[in-house]
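Beneath this line is the structure, given in structure tokens, with notes to follow.
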Amino acid sequence: MKFTYKSKILIFFPFLFLACNNPKFETESSPKFEPIFKVNNQFVNLEIQKLIKTKSLFIEGYKTRVNDTLDIFLTVQLINVEILPKNNDSLVTIQKKVARKIKNLLKNPLQFKAYDIVIIKRDTVKNLLGSMTSEEGLSHNRFNTSDL
């Protein structure tokens with residue numbers, strides 16, 4: 001049986017469509033892996049504010065393939081912390097408390113293998129041409145789930 005160019009296209013496209021619309025395919029190729037909390041986001045924010053006062057909080061999960069393993073981690077950005085501890089040990093202790101609190105607020109505390117807690121200073125300056133935002137990472141620590 002000999003296939004013409006048109007028949008090859010008609011056979012190929014349905015398979016391509018199925019591969020692109022497969023939810024498993026999309027999940028594995030997407031680096032984002034959203035956290036599922038047992039409480040709403042407002043409550044998560046309030047609980048973190050009890051530990052460290054910030055102007056804003058950004059939480060996002062990621063899933064990336066490293067060699068043959070899957071690295072699943074949660075990044076928590078504490079933006080414009082009001083009172084920053086001068087002592088590095090105190091800073092690490094607070095970051096670990098934030099990671100532990102977030103882990104405990106997750107529906108599945110084992111959803112992530114690690115927690116990246118980043119303290120960021122963000123400044124926005126307005127001028128005639130618009131506004132310009134600068135961002136500086138002040139502290140970054142990663143905590144494994146097993147250590148929390």
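Identifiers in this document derive from the order of the structure tokens: chains are assigned A, B, ..., residues are numbered from 1 separately in each chain, and ligands are numbered from 1 in order of occurrence.
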
Could I get the residues of region 76-124 of chain A with an atom no further than 7 Å from an atom of region 130-136 of chain A, each paired with its nearest atom pair and that distance in Å to one decimal, using only C-alpha atoms, sorted by chain and residue number, as JSON lines?
```
{"residue": "A:Ile120", "atom": "CA", "partner": "A:Glu136", "partner_atom": "CA", "distance": 5.6}
{"residue": "A:Lys121", "atom": "CA", "partner": "A:Glu136", "partner_atom": "CA", "distance": 5.2}
{"residue": "A:Arg122", "atom": "CA", "partner": "A:Glu135", "partner_atom": "CA", "distance": 4.5}
{"residue": "A:Asp123", "atom": "CA", "partner": "A:Ser134", "partner_atom": "CA", "distance": 5.3}
{"residue": "A:Thr124", "atom": "CA", "partner": "A:Thr133", "partner_atom": "CA", "distance": 4.2}
```

Those same residues, written as a compact mmCIF listing (two decimals), in the first residue's frame with N, CA and C atoms?
```
# COMPACT_ATOMS: atom_id res chain seq x y z
N ILE A 120 14.42 39.79 49.35
CA ILE A 120 14.68 40.70 48.24
C ILE A 120 14.36 42.13 48.65
N LYS A 121 15.24 43.03 48.24
CA LYS A 121 14.97 44.46 48.41
C LYS A 121 14.60 45.00 47.03
N ARG A 122 13.41 45.57 46.94
CA ARG A 122 12.92 46.09 45.66
C ARG A 122 12.61 47.58 45.82
N ASP A 123 13.16 48.39 44.93
CA ASP A 123 12.92 49.83 44.92
C ASP A 123 12.36 50.24 43.57
N THR A 124 11.34 51.09 43.60
CA THR A 124 10.78 51.63 42.37
C THR A 124 10.92 53.14 42.42
```

Taking the DSSP assignment computed from this structure's backbone, write out as JSON, numbers by chain all residues of region 17-115 of chain A that belong to strand (DSSP E).
{"A": [54, 55, 56, 57, 58, 59, 60, 61, 62, 63, 64, 65, 66, 69, 70, 71, 72, 73, 74, 75, 76, 77, 78, 79, 80, 81, 114, 115]}

Could those residues be written to a file, using C-alpha atoms, as a PDB file, in the first residue's frame?
```
ATOM      1  CA  THR A  54       7.298  42.061  54.545  1.00  0.00           C
ATOM      2  CA  LYS A  55       5.714  44.457  52.068  1.00  0.00           C
ATOM      3  CA  SER A  56       4.832  41.533  49.821  1.00  0.00           C
ATOM      4  CA  LEU A  57       5.258  37.810  49.491  1.00  0.00           C
ATOM      5  CA  PHE A  58       5.680  35.703  46.343  1.00  0.00           C
ATOM      6  CA  ILE A  59       5.372  31.900  46.427  1.00  0.00           C
ATOM      7  CA  GLU A  60       5.854  29.649  43.424  1.00  0.00           C
ATOM      8  CA  GLY A  61       6.721  25.995  42.962  1.00  0.00           C
ATOM      9  CA  TYR A  62       8.985  24.561  40.297  1.00  0.00           C
ATOM     10  CA  LYS A  63       9.679  21.140  38.899  1.00  0.00           C
ATOM     11  CA  THR A  64      12.847  20.729  36.857  1.00  0.00           C
ATOM     12  CA  ARG A  65      14.686  17.707  35.591  1.00  0.00           C
ATOM     13  CA  VAL A  66      18.305  17.517  36.742  1.00  0.00           C
ATOM     14  CA  THR A  69      16.040  13.058  38.849  1.00  0.00           C
ATOM     15  CA  LEU A  70      13.212  15.508  39.323  1.00  0.00           C
ATOM     16  CA  ASP A  71      14.026  18.582  41.440  1.00  0.00           C
ATOM     17  CA  ILE A  72      10.782  19.808  43.002  1.00  0.00           C
ATOM     18  CA  PHE A  73      11.183  22.961  45.063  1.00  0.00           C
ATOM     19  CA  LEU A  74       9.204  25.914  46.342  1.00  0.00           C
ATOM     20  CA  THR A  75      10.545  29.442  46.072  1.00  0.00           C
ATOM     21  CA  VAL A  76       9.371  31.959  48.650  1.00  0.00           C
ATOM     22  CA  GLN A  77      10.360  35.573  48.032  1.00  0.00           C
ATOM     23  CA  LEU A  78      10.098  37.881  51.021  1.00  0.00           C
ATOM     24  CA  ILE A  79      10.039  41.303  49.394  1.00  0.00           C
ATOM     25  CA  ASN A  80      11.074  44.441  51.301  1.00  0.00           C
ATOM     26  CA  VAL A  81      11.443  43.008  54.787  1.00  0.00           C
ATOM     27  CA  ALA A 114      13.231  21.740  49.141  1.00  0.00           C
ATOM     28  CA  TYR A 115      12.320  25.319  49.991  1.00  0.00           C
TER      29      TYR A 115
END
```

At what distance in Å, to one decimal, does CA of Phe37 (chain A) lie from CA of Leu138 (chain A)?
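Taking CA of Leu138 (chain A) and CA of Phe37 (chain A), their separation equals 27.1 Å.
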
Across A:Gln95, A:Lys101, A:Ile119, A:Asn67, the smallest distance to Glu82 (chain A), with only C-alpha atoms counted, is shown by A:Ile119

Residues near Val92 (chain A), cut-off 10 Å, only C-alpha atoms, skip fewer than 5 positions along chain, as a VMD selection string:
chain A and resid 85 87 97 to 98 117 139 to 143

For a test of reading the model, state the distance in Å between CA of Ile94 (chain A) and CA of Gly137 (chain A), rounded to one decimal.
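That distance, rounded to one decimal, is 16.1 Å.
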
Secondary structure check, helix (DSSP H, G or I) residues of region 14-144 of chain A, as a VMD selection string
chain A and resid 14 to 20 23 to 29 41 to 51 88 to 105

With N, CA and C atoms retained, write the just-selected residues as a compact mmCIF listing (two decimals), in the first residue's frame.
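Output file part11.txt is given in full below:
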```txt
# COMPACT_ATOMS: atom_id res chain seq x y z
N PRO A 14 -3.42 13.95 13.57
CA PRO A 14 -4.16 13.55 14.77
C PRO A 14 -3.24 13.10 15.91
N PHE A 15 -2.15 12.41 15.58
CA PHE A 15 -1.20 12.00 16.61
C PHE A 15 -0.49 13.19 17.24
N LEU A 16 -0.14 14.16 16.43
CA LEU A 16 0.48 15.38 16.93
C LEU A 16 -0.48 16.12 17.85
N PHE A 17 -1.74 16.21 17.44
CA PHE A 17 -2.76 16.88 18.25
C PHE A 17 -2.92 16.18 19.60
N LEU A 18 -2.99 14.87 19.60
CA LEU A 18 -3.14 14.11 20.85
C LEU A 18 -1.94 14.30 21.76
N ALA A 19 -0.76 14.31 21.21
CA ALA A 19 0.46 14.48 22.02
C ALA A 19 0.50 15.86 22.65
N CYS A 20 0.11 16.88 21.91
CA CYS A 20 0.15 18.25 22.44
C CYS A 20 -0.95 18.52 23.44
N PRO A 23 -2.56 16.02 29.01
CA PRO A 23 -2.22 16.75 30.24
C PRO A 23 -0.90 16.27 30.86
N LYS A 24 -0.60 14.99 30.77
CA LYS A 24 0.65 14.48 31.32
C LYS A 24 1.83 15.11 30.60
N PHE A 25 1.72 15.23 29.29
CA PHE A 25 2.79 15.84 28.49
C PHE A 25 3.01 17.28 28.91
N GLU A 26 1.93 18.04 29.10
CA GLU A 26 2.05 19.45 29.49
C GLU A 26 2.66 19.59 30.87
N THR A 27 2.25 18.76 31.82
CA THR A 27 2.74 18.86 33.19
C THR A 27 4.24 18.59 33.24
N GLU A 28 4.70 17.56 32.53
CA GLU A 28 6.11 17.23 32.58
C GLU A 28 6.97 18.28 31.90
N SER A 29 6.45 18.96 30.89
CA SER A 29 7.26 19.93 30.18
C SER A 29 7.20 21.31 30.84
N ASN A 41 -4.71 31.69 50.39
CA ASN A 41 -3.46 32.44 50.27
C ASN A 41 -3.36 33.59 51.26
N GLN A 42 -4.49 34.19 51.60
CA GLN A 42 -4.49 35.28 52.57
C GLN A 42 -4.02 34.80 53.94
N PHE A 43 -4.48 33.61 54.33
CA PHE A 43 -4.07 33.04 55.62
C PHE A 43 -2.57 32.71 55.60
N VAL A 44 -2.08 32.19 54.48
CA VAL A 44 -0.64 31.91 54.35
C VAL A 44 0.15 33.20 54.56
N ASN A 45 -0.28 34.27 53.91
CA ASN A 45 0.40 35.56 54.04
C ASN A 45 0.38 36.04 55.50
N LEU A 46 -0.76 35.94 56.17
CA LEU A 46 -0.86 36.37 57.58
C LEU A 46 0.08 35.57 58.48
N GLU A 47 0.17 34.28 58.24
CA GLU A 47 1.05 33.43 59.05
C GLU A 47 2.53 33.79 58.85
N ILE A 48 2.91 34.12 57.64
CA ILE A 48 4.30 34.52 57.36
C ILE A 48 4.58 35.88 57.98
N GLN A 49 3.60 36.78 57.92
CA GLN A 49 3.77 38.12 58.50
C GLN A 49 3.99 38.05 60.02
N LYS A 50 3.49 37.00 60.66
CA LYS A 50 3.73 36.82 62.10
C LYS A 50 5.20 36.51 62.36
N LEU A 51 5.86 35.88 61.41
CA LEU A 51 7.27 35.51 61.57
C LEU A 51 8.21 36.63 61.15
N ASN A 88 23.72 36.93 60.69
CA ASN A 88 23.41 35.94 59.66
C ASN A 88 22.71 34.71 60.25
N ASP A 89 23.12 34.29 61.46
CA ASP A 89 22.48 33.12 62.08
C ASP A 89 21.00 33.39 62.36
N SER A 90 20.68 34.60 62.81
CA SER A 90 19.28 34.97 63.07
C SER A 90 18.48 34.99 61.77
N LEU A 91 19.10 35.45 60.72
CA LEU A 91 18.45 35.52 59.41
C LEU A 91 18.13 34.11 58.90
N VAL A 92 19.08 33.21 59.02
CA VAL A 92 18.88 31.82 58.58
C VAL A 92 17.79 31.16 59.42
N THR A 93 17.77 31.44 60.72
CA THR A 93 16.75 30.88 61.61
C THR A 93 15.36 31.32 61.19
N ILE A 94 15.20 32.60 60.87
CA ILE A 94 13.89 33.11 60.44
C ILE A 94 13.50 32.48 59.10
N GLN A 95 14.45 32.38 58.18
CA GLN A 95 14.14 31.78 56.88
C GLN A 95 13.71 30.32 57.05
N LYS A 96 14.35 29.62 57.96
CA LYS A 96 13.98 28.22 58.21
C LYS A 96 12.59 28.13 58.82
N LYS A 97 12.24 29.07 59.71
CA LYS A 97 10.90 29.10 60.30
C LYS A 97 9.85 29.35 59.22
N VAL A 98 10.16 30.23 58.27
CA VAL A 98 9.23 30.51 57.16
C VAL A 98 9.04 29.23 56.34
N ALA A 99 10.12 28.55 56.02
CA ALA A 99 10.03 27.30 55.24
C ALA A 99 9.20 26.26 56.00
N ARG A 100 9.44 26.12 57.28
CA ARG A 100 8.71 25.14 58.09
C ARG A 100 7.21 25.49 58.14
N LYS A 101 6.90 26.78 58.31
CA LYS A 101 5.50 27.20 58.37
C LYS A 101 4.79 26.90 57.05
N ILE A 102 5.44 27.21 55.95
CA ILE A 102 4.82 26.96 54.64
C ILE A 102 4.64 25.47 54.41
N LYS A 103 5.63 24.69 54.79
CA LYS A 103 5.52 23.23 54.66
C LYS A 103 4.32 22.72 55.43
N ASN A 104 4.10 23.24 56.64
CA ASN A 104 2.99 22.79 57.47
C ASN A 104 1.63 23.27 56.96
N LEU A 105 1.61 24.33 56.16
CA LEU A 105 0.36 24.84 55.60
C LEU A 105 -0.04 24.14 54.30
```

As an exercise, work out the distance from CA of Ile52 (chain A) to CA of Pro109 (chain A) in Å and give it to one decimal place.
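CA of Pro109 (chain A) lies at a distance of 21.3 Å from CA of Ile52 (chain A).
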
Choose the residue, out of A:Lys53, A:Leu128, A:Leu110, A:Pro31, that has the smallest atom-to-atom separation from Asp147 (chain A); count only C-alpha atoms.
A:Leu110
